[in-house]
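Have a look at the structure below, then the notes.
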Amino acid sequence: MLCLLSIPIGFHLFPQNLTPESKLIREGQELLNNREFELAEKKFNKAKKLAPKLAAPWYWKAKVSLARQNLSIAIFYVEKALELQANHEPSLVLQIKILLLKGGTNTEEARRKAKESYGVSDSLNQWLKCLENNNVFSDFVNTESKLDELCPSPKTPYQVN
């Protein structure tokens, strides 16, 4: 006899032991995935107020700005995240991506940031080597999707710190 359990979709998307700011970030991520930028940013702002020393809300605000093609604001937010946590891997990756997407003299800054980021994690090291092997610091890459096609971003577990 085969018995199938029916579990509502989404029931386990948010573990019960998440902090309030983590729940807000998760909700904001979902809104960002659905391109509801204003609502997502509101969630990240609330998370930032609840946990002002966390890098994650700033990182996610940068992701919203990047999705809106506002690279100047995105780099500002990601730098705020890195002020709070210098080795926040998702923010390091995003900072390098944004600098590469801005192009021009920013490409050299991306190369410098990449060199400074070696040693943070094995997955980040692999991603940085991929960027080098694909001459990303020499050739202009104009879209995030093209950059991710060449070198997919490291997969990191959800982090709120």
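The chains in the structure tokens are called A, B, ... from first to last as shown; in each chain the residues are counted from 1, and the ligands are counted from 1 in the order shown.
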Worksheet item: Looking only at the backbone, which of the residues in stretch 21-131 of chain A does DSSP tag as alpha helix (DSSP H), as a PyMOL selection string?
Response: chain A and resi 21-33+37-50+56-67+71-84+89-102+105-117+122-131
Once you count only C-alpha atoms, what closest atom pair and distance in Å to one decimal does each residue of stretch 44-138 of chain A within 12 Å of stretch 24-28 of chain A have, with rows by chain and rising residue number, as JSON lines?
```
{"residue": "A:Phe44", "atom": "CA", "partner": "A:Ile25", "partner_atom": "CA", "distance": 5.8}
{"residue": "A:Asn45", "atom": "CA", "partner": "A:Leu24", "partner_atom": "CA", "distance": 9.0}
{"residue": "A:Lys46", "atom": "CA", "partner": "A:Leu24", "partner_atom": "CA", "distance": 7.2}
{"residue": "A:Ala47", "atom": "CA", "partner": "A:Leu24", "partner_atom": "CA", "distance": 5.8}
{"residue": "A:Lys48", "atom": "CA", "partner": "A:Ile25", "partner_atom": "CA", "distance": 9.2}
{"residue": "A:Lys49", "atom": "CA", "partner": "A:Leu24", "partner_atom": "CA", "distance": 10.9}
{"residue": "A:Leu50", "atom": "CA", "partner": "A:Leu24", "partner_atom": "CA", "distance": 9.7}
{"residue": "A:Ala51", "atom": "CA", "partner": "A:Leu24", "partner_atom": "CA", "distance": 10.9}
{"residue": "A:Leu54", "atom": "CA", "partner": "A:Ile25", "partner_atom": "CA", "distance": 11.1}
{"residue": "A:Ala55", "atom": "CA", "partner": "A:Ile25", "partner_atom": "CA", "distance": 11.3}
{"residue": "A:Ala56", "atom": "CA", "partner": "A:Ile25", "partner_atom": "CA", "distance": 7.9}
{"residue": "A:Pro57", "atom": "CA", "partner": "A:Ile25", "partner_atom": "CA", "distance": 6.8}
{"residue": "A:Trp58", "atom": "CA", "partner": "A:Ile25", "partner_atom": "CA", "distance": 10.3}
{"residue": "A:Tyr59", "atom": "CA", "partner": "A:Ile25", "partner_atom": "CA", "distance": 10.3}
{"residue": "A:Trp60", "atom": "CA", "partner": "A:Ile25", "partner_atom": "CA", "distance": 7.8}
{"residue": "A:Lys61", "atom": "CA", "partner": "A:Gly28", "partner_atom": "CA", "distance": 9.4}
{"residue": "A:Lys63", "atom": "CA", "partner": "A:Gly28", "partner_atom": "CA", "distance": 10.7}
{"residue": "A:Val64", "atom": "CA", "partner": "A:Gly28", "partner_atom": "CA", "distance": 9.6}
```
Selection file, C-alpha atoms, as a compact mmCIF listing (two decimals), in the first residue's frame:
```txt
# COMPACT_ATOMS: atom_id res chain seq x y z
CA PHE A 44 14.91 44.81 3.95
CA ASN A 45 14.60 48.25 5.57
CA LYS A 46 12.57 46.75 8.42
CA ALA A 47 15.19 44.01 8.86
CA LYS A 48 17.92 46.67 8.90
CA LYS A 49 16.12 48.54 11.68
CA LEU A 50 15.70 45.37 13.74
CA ALA A 51 19.32 44.31 13.28
CA LEU A 54 23.81 42.80 10.07
CA ALA A 55 25.26 42.92 6.56
CA ALA A 56 22.43 40.94 4.96
CA PRO A 57 19.76 43.69 4.78
CA TRP A 58 22.22 46.01 3.03
CA TYR A 59 23.26 43.21 0.68
CA TRP A 60 19.64 42.58 -0.28
CA LYS A 61 18.98 46.29 -0.73
CA LYS A 63 20.33 43.32 -5.01
CA VAL A 64 17.13 45.35 -5.40
```
Practice prompt. Would you mind reading off the distance between atom CA of A:Leu94 and atom CA of A:Glu21, one decimal, in Å?
Written response: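 The value is 21.1 Å.
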Discussion item. Calculated over only C-alpha atoms, which of the candidates A:Asn87, A:Gln69, A:Ser117, A:Ser123 has the smallest distance to A:Thr143?
Written reply: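 That would be A:Gln69, the residue with the smallest distance to A:Thr143.
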Item to complete: For atom CA of A:Leu31 and atom CA of A:Glu144, determine how far apart the two atoms are, in Å to one decimal place.
Response: 19.5 Å
